[in-house]
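Participant: One file: upload-v9.tsv (TSV, C-alpha atoms).
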```
chain	number	residue	atom	x	y	z
A	1	MET	CA	27.93	1.54	30.12
A	2	ALA	CA	28.77	-0.44	26.97
A	3	LYS	CA	29.57	1.52	23.83
A	4	GLY	CA	26.60	-0.05	22.01
A	5	ASN	CA	24.26	1.19	24.73
A	6	THR	CA	26.00	4.56	24.74
A	7	ALA	CA	25.45	4.94	20.99
A	8	PHE	CA	21.75	4.16	21.42
A	9	TYR	CA	21.43	6.52	24.41
A	10	ILE	CA	23.04	9.39	22.47
A	11	ALA	CA	20.84	8.66	19.46
A	12	ARG	CA	17.73	8.82	21.65
A	13	ARG	CA	18.92	12.14	23.11
A	14	TYR	CA	19.53	13.49	19.59
A	15	LEU	CA	15.97	12.60	18.69
A	16	ILE	CA	14.08	13.97	21.71
A	17	ALA	CA	16.40	16.73	22.98
A	18	LYS	CA	16.41	20.27	21.62
A	19	LYS	CA	18.60	20.48	18.53
A	20	GLY	CA	21.30	23.02	17.82
A	21	SER	CA	19.21	24.74	15.17
A	22	GLN	CA	15.56	24.98	14.24
A	23	ALA	CA	16.36	23.58	10.79
A	24	VAL	CA	17.56	20.29	12.29
A	25	SER	CA	14.47	20.02	14.49
A	26	PHE	CA	12.23	20.76	11.51
A	27	ILE	CA	13.90	18.24	9.20
A	28	THR	CA	13.89	15.52	11.87
A	29	GLY	CA	10.24	16.14	12.70
A	30	LEU	CA	9.35	16.25	9.00
A	31	ALA	CA	11.06	12.90	8.39
A	32	ALA	CA	9.12	11.26	11.24
A	33	PHE	CA	5.83	12.84	10.14
A	34	ALA	CA	6.34	11.90	6.49
A	35	MET	CA	7.06	8.29	7.44
A	36	MET	CA	3.96	8.22	9.65
A	37	VAL	CA	1.71	9.59	6.87
A	38	ALA	CA	3.12	7.22	4.23
A	39	VAL	CA	2.70	4.16	6.46
A	40	ALA	CA	-0.81	5.22	7.54
A	41	ALA	CA	-1.82	5.85	3.91
A	42	MET	CA	-0.50	2.47	2.81
A	43	PHE	CA	-2.29	0.66	5.64
A	44	ILE	CA	-5.58	2.47	4.94
A	45	ILE	CA	-5.49	1.81	1.19
A	46	ILE	CA	-4.61	-1.84	1.68
A	47	SER	CA	-7.41	-2.18	4.27
A	48	VAL	CA	-9.86	-0.61	1.82
A	49	PHE	CA	-8.64	-3.01	-0.86
A	50	SER	CA	-9.15	-5.93	1.54
A	51	GLY	CA	-12.68	-4.67	2.14
A	52	LEU	CA	-13.31	-4.39	-1.61
A	53	GLU	CA	-11.94	-7.90	-2.05
A	54	ASP	CA	-14.41	-9.23	0.51
A	55	LEU	CA	-17.22	-7.25	-1.13
A	56	ASN	CA	-16.37	-8.79	-4.50
A	57	LYS	CA	-16.27	-12.22	-2.89
A	58	ASP	CA	-19.80	-11.65	-1.61
A	59	PHE	CA	-20.94	-10.48	-5.04
A	60	ILE	CA	-19.66	-13.59	-6.81
A	61	SER	CA	-20.15	-16.09	-4.00
A	62	ASN	CA	-23.55	-17.08	-5.38
A	63	LEU	CA	-22.72	-16.49	-9.03
A	64	HIS	CA	-20.88	-19.79	-9.35
A	65	ALA	CA	-21.79	-22.98	-7.57
A	66	ASP	CA	-19.37	-25.24	-5.70
A	67	LEU	CA	-19.11	-27.27	-8.90
A	68	THR	CA	-20.27	-26.37	-12.41
A	69	LEU	CA	-20.85	-29.05	-15.04
A	70	LYS	CA	-20.76	-28.20	-18.76
A	71	SER	CA	-20.54	-30.07	-22.05
A	72	THR	CA	-17.23	-30.44	-23.88
A	73	GLN	CA	-18.95	-31.04	-27.25
A	74	GLY	CA	-21.19	-27.99	-27.60
A	75	LYS	CA	-23.54	-25.96	-25.48
A	76	VAL	CA	-26.14	-28.62	-24.63
A	77	ILE	CA	-25.14	-31.27	-22.08
A	78	PRO	CA	-25.36	-34.74	-23.71
A	79	ASN	CA	-27.04	-37.71	-22.01
A	80	ILE	CA	-28.72	-35.41	-19.51
A	81	GLN	CA	-30.66	-38.28	-17.92
A	82	LYS	CA	-27.48	-40.22	-17.17
A	83	VAL	CA	-25.81	-37.11	-15.80
A	84	THR	CA	-28.68	-36.24	-13.45
A	85	SER	CA	-28.99	-39.85	-12.27
A	86	THR	CA	-25.28	-39.88	-11.39
A	87	LEU	CA	-25.58	-36.60	-9.52
A	88	LYS	CA	-28.59	-37.86	-7.56
A	89	SER	CA	-26.65	-40.92	-6.44
A	90	GLU	CA	-23.69	-38.88	-5.15
A	91	ASN	CA	-23.96	-38.58	-1.35
A	92	GLU	CA	-21.70	-35.53	-1.15
A	93	ILE	CA	-24.04	-33.46	-3.35
A	94	SER	CA	-26.62	-31.40	-1.47
A	95	HIS	CA	-28.56	-29.93	-4.44
A	96	PHE	CA	-28.10	-29.31	-8.14
A	97	SER	CA	-29.90	-27.16	-10.68
A	98	LYS	CA	-30.05	-27.14	-14.49
A	99	LEU	CA	-29.36	-23.84	-16.28
A	100	ILE	CA	-29.58	-22.35	-19.77
A	101	GLU	CA	-28.08	-18.93	-20.43
A	102	GLU	CA	-28.25	-16.90	-23.65
A	103	LYS	CA	-28.51	-13.36	-24.96
A	104	VAL	CA	-32.02	-12.16	-25.68
A	105	TYR	CA	-33.71	-9.01	-26.94
A	106	ILE	CA	-36.39	-7.59	-24.64
A	107	ASP	CA	-38.95	-5.01	-25.74
A	108	TYR	CA	-41.44	-2.99	-23.71
A	109	ASN	CA	-43.47	-0.14	-25.20
A	110	ASN	CA	-41.11	0.08	-28.19
A	111	THR	CA	-38.08	0.43	-25.92
A	112	GLY	CA	-35.62	-2.41	-26.34
A	113	GLU	CA	-32.47	-3.76	-24.69
A	114	ILE	CA	-30.04	-6.61	-25.27
A	115	ALA	CA	-30.05	-8.67	-22.09
A	116	TYR	CA	-29.04	-12.07	-20.76
A	117	ILE	CA	-31.68	-14.62	-19.88
A	118	ARG	CA	-30.78	-17.31	-17.39
A	119	GLY	CA	-33.25	-20.16	-17.43
A	120	VAL	CA	-33.33	-22.07	-14.14
A	121	ASP	CA	-35.38	-24.83	-12.58
A	122	SER	CA	-37.20	-24.69	-9.25
A	123	ALA	CA	-34.14	-26.06	-7.39
A	124	TYR	CA	-32.00	-23.05	-8.36
A	125	VAL	CA	-32.62	-21.16	-5.11
A	126	LYS	CA	-31.18	-24.10	-3.17
A	127	VAL	CA	-27.90	-23.66	-5.05
A	128	ASN	CA	-28.01	-19.87	-5.41
A	129	PRO	CA	-30.35	-18.18	-2.88
A	130	ILE	CA	-31.06	-15.25	-5.17
A	131	ASP	CA	-34.62	-15.13	-3.83
A	132	LYS	CA	-33.19	-13.59	-0.64
A	133	ASN	CA	-31.79	-10.66	-2.63
A	134	ILE	CA	-35.09	-9.55	-4.14
A	135	PHE	CA	-35.83	-6.08	-2.78
A	136	TYR	CA	-39.09	-5.45	-4.65
A	137	GLY	CA	-41.72	-7.98	-5.63
A	138	SER	CA	-41.30	-11.72	-5.22
A	139	TYR	CA	-39.51	-14.71	-6.67
A	140	PRO	CA	-41.43	-16.61	-9.40
A	141	SER	CA	-43.69	-19.40	-8.21
A	142	PHE	CA	-42.77	-21.55	-11.26
A	143	LYS	CA	-46.47	-22.30	-11.70
A	144	PHE	CA	-46.42	-20.22	-14.86
A	145	MET	CA	-43.72	-20.36	-17.50
A	146	ASN	CA	-43.65	-16.60	-18.21
A	147	GLU	CA	-42.89	-15.36	-14.66
A	148	VAL	CA	-39.43	-13.78	-14.37
A	149	ILE	CA	-37.34	-11.58	-12.12
A	150	MET	CA	-35.19	-8.79	-13.52
A	151	GLU	CA	-32.01	-6.96	-12.61
A	152	ALA	CA	-32.76	-3.50	-11.20
A	153	GLN	CA	-30.90	-1.28	-13.69
A	154	LEU	CA	-32.31	-3.16	-16.67
A	155	ASN	CA	-35.83	-2.76	-15.28
A	156	ASN	CA	-35.26	0.94	-14.58
A	157	ARG	CA	-34.24	1.57	-18.19
A	158	LEU	CA	-37.25	-0.27	-19.56
A	159	ALA	CA	-39.67	0.93	-16.84
A	160	ILE	CA	-41.58	-2.37	-16.79
A	161	PRO	CA	-44.26	-2.46	-14.06
A	162	VAL	CA	-43.65	-5.15	-11.45
A	163	ALA	CA	-46.41	-7.61	-10.52
A	164	ASN	CA	-48.64	-6.18	-13.22
A	165	ASP	CA	-50.14	-8.83	-15.49
A	166	VAL	CA	-51.65	-6.25	-17.85
A	167	ASN	CA	-48.44	-4.58	-19.04
A	168	VAL	CA	-46.08	-7.30	-20.24
A	169	ALA	CA	-42.74	-7.19	-22.03
A	170	THR	CA	-41.74	-9.37	-24.97
A	171	LEU	CA	-38.63	-11.48	-25.41
A	172	PHE	CA	-37.19	-12.06	-28.90
A	173	MET	CA	-34.80	-14.94	-29.63
A	174	PRO	CA	-33.41	-15.40	-33.19
A	175	LYS	CA	-34.38	-18.68	-34.80
A	176	PRO	CA	-31.62	-20.90	-36.18
A	177	GLY	CA	-31.98	-22.24	-39.69
A	178	LYS	CA	-31.85	-21.41	-43.37
A	179	GLY	CA	-34.29	-20.46	-46.08
A	180	ILE	CA	-36.35	-17.53	-47.25
A	181	ILE	CA	-37.80	-15.18	-44.64
A	182	ASN	CA	-41.41	-14.32	-45.38
A	183	LYS	CA	-42.62	-12.95	-42.06
A	184	GLU	CA	-41.39	-11.90	-38.62
A	185	GLU	CA	-42.22	-15.30	-37.14
A	186	ASP	CA	-39.56	-16.81	-39.40
A	187	ILE	CA	-36.87	-14.70	-37.70
A	188	PHE	CA	-37.71	-14.75	-33.99
A	189	ASN	CA	-39.27	-16.87	-31.32
A	190	LYS	CA	-41.33	-14.51	-29.14
A	191	ARG	CA	-42.70	-14.89	-25.63
A	192	ASP	CA	-44.43	-12.39	-23.36
A	193	ILE	CA	-43.06	-12.17	-19.83
A	194	TYR	CA	-44.50	-11.04	-16.52
A	195	VAL	CA	-42.01	-9.45	-14.08
A	196	THR	CA	-42.68	-10.61	-10.50
A	197	GLY	CA	-39.64	-9.11	-8.76
A	198	ILE	CA	-36.46	-7.05	-8.94
A	199	PHE	CA	-32.99	-8.05	-7.70
A	200	PRO	CA	-29.88	-5.86	-7.36
A	201	GLY	CA	-27.26	-6.29	-10.04
A	202	ASN	CA	-23.49	-6.19	-10.00
A	203	ASP	CA	-20.66	-6.54	-12.52
A	204	GLN	CA	-21.44	-10.26	-12.89
A	205	LEU	CA	-25.24	-10.07	-12.95
A	206	ASN	CA	-25.81	-6.88	-14.90
A	207	ASN	CA	-28.63	-6.89	-17.51
A	208	TYR	CA	-29.90	-10.29	-16.36
A	209	ILE	CA	-33.34	-11.87	-16.46
A	210	ILE	CA	-33.91	-14.98	-14.34
A	211	ALA	CA	-36.64	-17.09	-15.91
A	212	PRO	CA	-38.04	-20.64	-15.73
A	213	LEU	CA	-36.00	-23.21	-17.65
A	214	GLU	CA	-39.01	-24.14	-19.80
A	215	LEU	CA	-39.35	-20.59	-21.12
A	216	THR	CA	-35.70	-20.47	-22.18
A	217	SER	CA	-35.91	-23.92	-23.78
A	218	GLU	CA	-38.91	-22.85	-25.87
A	219	LEU	CA	-37.23	-19.64	-26.99
A	220	LEU	CA	-34.23	-21.69	-28.17
A	221	ASN	CA	-36.28	-24.59	-29.61
A	222	LEU	CA	-34.49	-27.03	-27.30
A	223	PRO	CA	-35.88	-30.41	-26.22
A	224	LYS	CA	-37.46	-30.70	-22.80
A	225	ASN	CA	-35.04	-31.14	-19.87
A	226	SER	CA	-32.14	-29.69	-21.88
A	227	ALA	CA	-29.46	-27.72	-20.09
A	228	TYR	CA	-26.28	-25.81	-20.92
A	229	GLU	CA	-24.82	-26.34	-17.47
A	230	ILE	CA	-25.62	-27.82	-14.08
A	231	ALA	CA	-24.83	-25.91	-10.89
A	232	ILE	CA	-23.95	-28.22	-8.00
A	233	LYS	CA	-24.03	-27.41	-4.29
A	234	LEU	CA	-21.93	-29.64	-2.08
A	235	LYS	CA	-22.47	-30.63	1.52
A	236	ASN	CA	-18.80	-29.90	2.18
A	237	PRO	CA	-17.35	-27.37	-0.32
A	238	GLU	CA	-13.82	-28.06	0.98
A	239	LYS	CA	-13.98	-31.46	-0.75
A	240	ALA	CA	-14.77	-29.88	-4.13
A	241	ASN	CA	-11.57	-31.03	-5.86
A	242	ALA	CA	-11.91	-34.65	-4.73
A	243	ILE	CA	-15.61	-34.81	-5.65
A	244	LYS	CA	-14.86	-33.20	-9.01
A	245	GLU	CA	-12.32	-35.93	-9.85
A	246	ASP	CA	-14.72	-38.68	-8.77
A	247	LEU	CA	-17.61	-37.31	-10.84
A	248	GLN	CA	-15.35	-36.74	-13.85
A	249	ASN	CA	-14.35	-40.41	-13.78
A	250	LYS	CA	-17.99	-41.49	-13.57
A	251	LEU	CA	-19.32	-39.16	-16.29
A	252	GLY	CA	-16.50	-39.42	-18.80
A	253	ASN	CA	-15.01	-36.83	-21.11
A	254	GLN	CA	-18.28	-35.65	-22.67
A	255	VAL	CA	-18.66	-33.21	-19.79
A	256	THR	CA	-16.26	-31.09	-17.78
A	257	LEU	CA	-16.49	-29.98	-14.17
A	258	LYS	CA	-14.99	-26.86	-12.64
A	259	THR	CA	-14.77	-25.74	-9.04
A	260	LYS	CA	-15.77	-22.26	-7.92
A	261	ALA	CA	-12.10	-21.25	-7.78
A	262	GLU	CA	-11.54	-22.42	-11.36
A	263	GLU	CA	-14.64	-20.62	-12.61
A	264	ASN	CA	-13.37	-17.41	-10.98
A	265	ALA	CA	-9.70	-17.90	-11.95
A	266	ALA	CA	-9.59	-14.78	-14.15
A	267	PHE	CA	-11.24	-12.70	-11.44
A	268	TRP	CA	-8.78	-13.77	-8.75
A	269	LYS	CA	-5.84	-13.27	-11.09
A	270	MET	CA	-7.02	-9.70	-11.64
A	271	ILE	CA	-7.49	-9.16	-7.89
A	272	ASN	CA	-4.00	-10.48	-7.09
A	273	THR	CA	-2.45	-8.35	-9.84
A	274	GLU	CA	-4.17	-5.23	-8.49
A	275	LYS	CA	-3.01	-6.08	-4.96
A	276	LEU	CA	0.58	-6.48	-6.15
A	277	MET	CA	0.43	-3.13	-7.96
A	278	ILE	CA	-0.87	-1.42	-4.80
A	279	TYR	CA	2.02	-2.82	-2.78
A	280	LEU	CA	4.55	-1.73	-5.41
A	281	ILE	CA	3.10	1.79	-5.69
A	282	PHE	CA	3.07	2.39	-1.95
A	283	ALA	CA	6.48	0.79	-1.54
A	284	LEU	CA	7.69	3.43	-4.00
A	285	VAL	CA	5.90	6.14	-1.99
A	286	ILE	CA	7.61	5.00	1.23
A	287	PHE	CA	10.95	4.80	-0.57
A	288	ILE	CA	10.59	8.40	-1.76
A	289	THR	CA	9.52	9.41	1.76
A	290	THR	CA	12.76	8.02	3.20
A	291	PHE	CA	14.68	10.78	1.38
A	292	ASN	CA	13.44	13.04	4.19
A	293	LEU	CA	15.07	10.59	6.59
A	294	ALA	CA	18.33	10.75	4.62
A	295	GLY	CA	18.26	14.55	4.80
A	296	ALA	CA	17.61	14.45	8.54
A	297	ILE	CA	20.61	12.16	9.18
A	298	ILE	CA	22.95	14.26	7.01
A	299	ILE	CA	21.91	17.55	8.62
A	300	LEU	CA	22.17	15.96	12.08
A	301	GLN	CA	25.75	14.92	11.29
A	302	LEU	CA	26.62	18.47	10.23
A	303	ASP	CA	24.91	19.98	13.28
A	304	LYS	CA	26.65	17.60	15.70
A	305	LYS	CA	30.13	17.77	14.15
A	306	ASP	CA	31.69	19.43	17.20
A	307	GLN	CA	30.09	16.87	19.51
A	308	ALA	CA	31.45	14.10	17.28
A	309	LYS	CA	34.97	15.44	17.79
A	310	SER	CA	34.45	15.46	21.55
A	311	LEU	CA	33.14	11.90	21.54
A	312	ILE	CA	36.17	10.71	19.54
A	313	SER	CA	38.45	12.43	22.08
A	314	LEU	CA	36.66	10.44	24.81
A	315	GLY	CA	37.35	7.13	23.06
A	316	PHE	CA	34.46	6.83	20.59
A	317	THR	CA	35.37	5.23	17.27
A	318	ILE	CA	34.05	6.08	13.80
A	319	SER	CA	32.04	2.85	14.02
A	320	ASP	CA	30.41	4.04	17.25
A	321	LEU	CA	29.46	7.35	15.64
A	322	ARG	CA	27.96	5.50	12.69
A	323	LYS	CA	25.91	3.39	15.13
A	324	THR	CA	24.72	6.59	16.81
A	325	TYR	CA	23.44	8.13	13.59
A	326	PHE	CA	22.05	4.80	12.43
A	327	ASN	CA	20.14	4.41	15.71
A	328	THR	CA	18.80	7.95	15.33
A	329	GLY	CA	17.43	7.05	11.90
A	330	LEU	CA	16.12	3.74	13.25
A	331	LEU	CA	14.21	5.51	16.03
A	332	ILE	CA	12.67	7.92	13.50
A	333	VAL	CA	11.61	4.96	11.36
A	334	LEU	CA	10.17	3.03	14.31
A	335	PHE	CA	8.22	6.10	15.42
A	336	GLY	CA	6.88	6.63	11.90
A	337	VAL	CA	5.89	2.99	11.39
A	338	ILE	CA	4.25	2.51	14.80
A	339	SER	CA	2.42	5.86	14.80
A	340	GLY	CA	1.42	5.33	11.16
A	341	LEU	CA	-0.10	1.93	11.90
A	342	ILE	CA	-1.92	3.31	14.94
A	343	SER	CA	-3.25	6.31	12.97
A	344	GLY	CA	-4.28	4.09	10.06
A	345	THR	CA	-6.06	1.69	12.41
A	346	ILE	CA	-7.99	4.51	14.07
A	347	ILE	CA	-9.15	5.87	10.69
A	348	CYS	CA	-10.15	2.38	9.53
A	349	VAL	CA	-12.12	1.71	12.72
A	350	VAL	CA	-13.93	5.05	12.36
A	351	GLN	CA	-14.83	4.16	8.76
A	352	ILE	CA	-16.05	0.69	9.78
A	353	GLN	CA	-18.19	2.13	12.59
A	354	THR	CA	-19.57	5.21	10.81
A	355	GLY	CA	-19.12	4.72	7.05
A	356	VAL	CA	-18.33	8.42	6.78
A	357	PHE	CA	-16.44	8.08	3.48
A	358	LYS	CA	-18.74	6.99	0.65
A	359	ALA	CA	-17.89	5.13	-2.55
A	360	THR	CA	-21.39	5.97	-3.83
A	361	GLU	CA	-24.33	7.81	-2.31
A	362	THR	CA	-25.43	4.69	-0.46
A	363	LEU	CA	-22.29	2.53	-0.28
A	364	PRO	CA	-19.49	3.47	2.15
A	365	PHE	CA	-15.97	2.42	1.29
A	366	PRO	CA	-15.64	-1.14	2.61
A	367	VAL	CA	-12.75	-1.60	5.04
A	368	LYS	CA	-11.34	-4.79	6.54
A	369	ILE	CA	-8.57	-4.76	9.15
A	370	PHE	CA	-6.60	-7.80	8.07
A	371	TRP	CA	-3.85	-8.68	10.58
A	372	PRO	CA	-1.21	-9.74	8.01
A	373	ASN	CA	-1.46	-6.23	6.54
A	374	TYR	CA	0.23	-4.91	9.69
A	375	PHE	CA	3.18	-7.19	9.01
A	376	TYR	CA	3.43	-6.34	5.30
A	377	VAL	CA	3.23	-2.57	5.82
A	378	ALA	CA	5.68	-2.62	8.75
A	379	LEU	CA	8.09	-4.81	6.80
A	380	ILE	CA	8.13	-2.44	3.80
A	381	GLY	CA	8.51	0.65	6.01
A	382	LEU	CA	11.28	-0.88	8.10
A	383	PHE	CA	13.13	-2.26	5.08
A	384	PHE	CA	13.45	1.08	3.33
A	385	GLY	CA	13.91	3.05	6.56
A	386	ILE	CA	16.66	0.81	7.93
A	387	SER	CA	18.39	0.64	4.55
A	388	VAL	CA	18.47	4.43	4.19
A	389	SER	CA	19.59	4.87	7.82
A	390	TRP	CA	22.44	2.43	7.32
A	391	ILE	CA	23.60	4.03	4.04
A	392	PHE	CA	23.49	7.64	5.21
A	393	SER	CA	24.91	6.98	8.68
A	394	LYS	CA	28.31	6.53	7.05
A	395	ILE	CA	30.74	9.26	8.20
A	396	ASN	CA	33.62	10.68	6.23
A	397	LYS	CA	36.52	9.61	8.47
A	398	GLU	CA	39.00	11.97	6.84
A	399	ASN	CA	36.71	14.92	7.50
A	400	ILE	CA	36.54	14.14	11.23
A	401	ILE	CA	40.33	13.65	11.52
A	402	GLU	CA	41.15	16.80	9.56
A	403	ASN	CA	38.89	18.87	11.75
A	404	ASN	CA	39.97	17.26	14.97
```
If you convert what's in this file into structure tokens, what do you get?

Facilitator:
Amino acid sequence: MAKGNTAFYIARRYLIAKKGSQAVSFITGLAAFAMMVAVAAMFIIISVFSGLEDLNKDFISNLHADLTLKSTQGKVIPNIQKVTSTLKSENEISHFSKLIEEKVYIDYNNTGEIAYIRGVDSAYVKVNPIDKNIFYGSYPSFKFMNEVIMEAQLNNRLAIPVANDVNVATLFMPKPGKGIINKEEDIFNKRDIYVTGIFPGNDQLNNYIIAPLELTSELLNLPKNSAYEIAIKLKNPEKANAIKEDLQNKLGNQVTLKTKAEENAAFWKMINTEKLMIYLIFALVIFITTFNLAGAIIILQLDKKDQAKSLISLGFTISDLRKTYFNTGLLIVLFGVISGLISGTIICVVQIQTGVFKATETLPFPVKIFWPNYFYVALIGLFFGISVSWIFSKINKENIIENN
């Protein structure tokens, strides 16, 4: 048997055979268990983060269109007729919708809130199918200018009846201009609204009112067909960058176009930063865990000192002994990483199937088993484990010779 194989065989026997003392068995088992728990915890947390990332993607997937067109010279898009004609002639565009978004004050029964009003045209649901998210009531028919839908939490705070044309709320929009104020009408444009439906909110659509474009235009004293932005849905979103460049050349520098990725650049930067921090934190946790492994290797060396002398007498070198202790540490690390990944996977699958752990009363923690996560977690665990095994497998040669 080759010495390399002999070193591995002895290391395997050290790991699974009964040790000389209970302390050695305890420390070795603790090192393997600690590595397993650290790896499992890292895999679970990263899988939860992957699930949260997907959940956030779903939340913002309809918030921004494939392309968004805005003015570079103010809020209102100039030459709106030319812009819409160009968009209609573009074969790669499936649908587009004009939008106006502003802050507004809403009052109902002397209870008021600052909210956001998003004025949209009838084509909006073809770009953003928000009508499918309405859980109470219905989407406006656009036959009447004062029909709106409202975000759930905003409606709960104001307690506005839904589909009730008797009890209406009032929107207040400050009027631009100068001069002496003699009456309330000089300060605000006011319109009564009728809530037809409720949609669930999120961080991006909190405190929102979706209303017809004409209502928003009147509140802001804007000309007919005005828009702050145009949301564009493409037939093939993968061509967004190429279509953006083509449209930008056709429309000139009075407008700017952004892809969905560019609109969400800050969001994805935040997500990537959080992901990096999670990896760094758990890499530190695994690094600290490997101190148990270092202790196990050192105690194993002390416990097997007499056997080391015997092996040297039989022709083993110091290098062979180092390989033996290194292989022992490597086996502990491999056991911890593999069992940790298996344990983490089982817990993740249970969560996916049952949703037993809740983020809120109704929302279970989202989990996604993302295959590259296995590689990243295993790589971090093996890197620190192998490094510590190599460092602490070093034997004091003088100590062996003096005691031989």

Participant: Show me, as a list in words, the residues that have an atom within 12 Å of Lys143 (chain A) when counting all atoms listed in the file, minus same-chain residues fewer than 3 positions from it.

Facilitator: Asp121, Ser122, Tyr139, Pro140, Asn146, Glu147, Val148, Ala211, Pro212, Glu214 and Leu215 of chain A

Participant: Restricting the calculation to all atoms listed in the file: of A:Ser138, A:Asn91, A:Asn155, A:Asn164, which residue gets closest to Asn236 (chain A)?

Facilitator: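 Answer, going by the shortest atom-to-atom distance: A:Asn91.
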
Participant: Can you work out the spacing between CA of Phe26 (chain A) and CA of Ile342 (chain A) in Å, to one decimal?

Facilitator: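 Between CA of Phe26 (chain A) and CA of Ile342 (chain A) the gap works out to 22.7 Å.
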
Participant: Can you work out which one of A:Asn167, A:Ser85, A:Thr256, A:Thr28 has the shortest atom-to-atom distance to Tyr108 (chain A), counting only C-alpha atoms?

Facilitator: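 The answer is A:Asn167, which sits nearest to Tyr108 (chain A).
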
Participant: Work out how far CA of Glu151 (chain A) is from CA of Glu218 (chain A), in Å to one decimal.

Facilitator: 21.8 Å

Participant: Work out how far CA of Asn264 (chain A) is from CA of Ile243 (chain A), in Å to one decimal.

Facilitator: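 Rounded to one decimal, the two atoms are 18.3 Å apart.
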
Participant: Neighbours of Asn207 (chain A) within 8 Å (only C-alpha atoms; same-chain residues fewer than 6 positions away dropped), as a count of residues only?

Facilitator: 8

Participant: Neighbours of Ala32 (chain A) within 8 Å (all atoms listed in the file; same-chain residues fewer than 6 positions away dropped), as a list in words?

Facilitator: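 Within the cut-off, the hits are Leu293, Ile332, Val333, Phe335 and Gly336 of chain A.
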
Participant: What lies within 8 Å of Ile210 (chain A) using all atoms listed in the file, ignoring chain neighbours under 6 positions off, as a VMD selection string?

Facilitator: chain A and resid 117 to 120 148 to 150

Participant: Could the residues in this selection be written to a file with C-alpha atoms, as an mmCIF file, in the frame of the given file?

Facilitator:
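Okay, this is what ended up in again.cif:
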```cif
data_model
loop_
_atom_site.group_PDB
_atom_site.id
_atom_site.type_symbol
_atom_site.label_atom_id
_atom_site.label_comp_id
_atom_site.auth_asym_id
_atom_site.auth_seq_id
_atom_site.Cartn_x
_atom_site.Cartn_y
_atom_site.Cartn_z
ATOM 1 C CA ILE A 117 -31.680 -14.620 -19.880
ATOM 2 C CA ARG A 118 -30.780 -17.310 -17.390
ATOM 3 C CA GLY A 119 -33.250 -20.160 -17.430
ATOM 4 C CA VAL A 120 -33.330 -22.070 -14.140
ATOM 5 C CA VAL A 148 -39.430 -13.780 -14.370
ATOM 6 C CA ILE A 149 -37.340 -11.580 -12.120
ATOM 7 C CA MET A 150 -35.190 -8.790 -13.520
#
```

Participant: May I have the protein, DNA and RNA residues with any atom at most 7 Å from the point (-19.1, -32.1, -10.0), counting only C-alpha atoms, written as an NGL selection string?

Facilitator: :A and (67-69 or 232 or 243-244 or 247 or 257)

Participant: Residues near Asn79 (chain A), anyone? I mean within 12 Å using all atoms listed in the file, not counting same-chain ones fewer than 4 positions away, as a list of chain:residue names.

Facilitator: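 Listing them by chain and then by number gives A:Lys70, A:Ser71, A:Gln73, A:Val83, A:Thr84, A:Ser85, A:Thr86, A:Asn225, A:Ser226, A:Ala227, A:Tyr228, A:Leu251, A:Gly252, A:Gln254, A:Val255.
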
Participant: Can you work out which one of A:Asn241, A:Gln351, A:Asn56, A:Thr345 has the shortest atom-to-atom distance to Ala40 (chain A), counting all atoms listed in the file?

Facilitator: A:Thr345

Participant: With distances taken over only C-alpha atoms, which residue among A:Ile286, A:Met173, A:Cys348, A:Ala294 lies nearest Ile187 (chain A)?

Facilitator: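 Result for the nearest residue to Ile187 (chain A): A:Met173.
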
Participant: Let me make sure I understand: among A:Tyr374, A:Phe392, A:Phe199, A:Phe291, which one has the smallest atom-to-atom distance to Leu30 (chain A) if we use only C-alpha atoms?

Facilitator: A:Phe291

Participant: When distances are computed from all atoms listed in the file, which of A:Asp131, A:Gly137, A:Ile27, A:Met35 shows the smallest separation from Ala378 (chain A)?

Facilitator: A:Met35
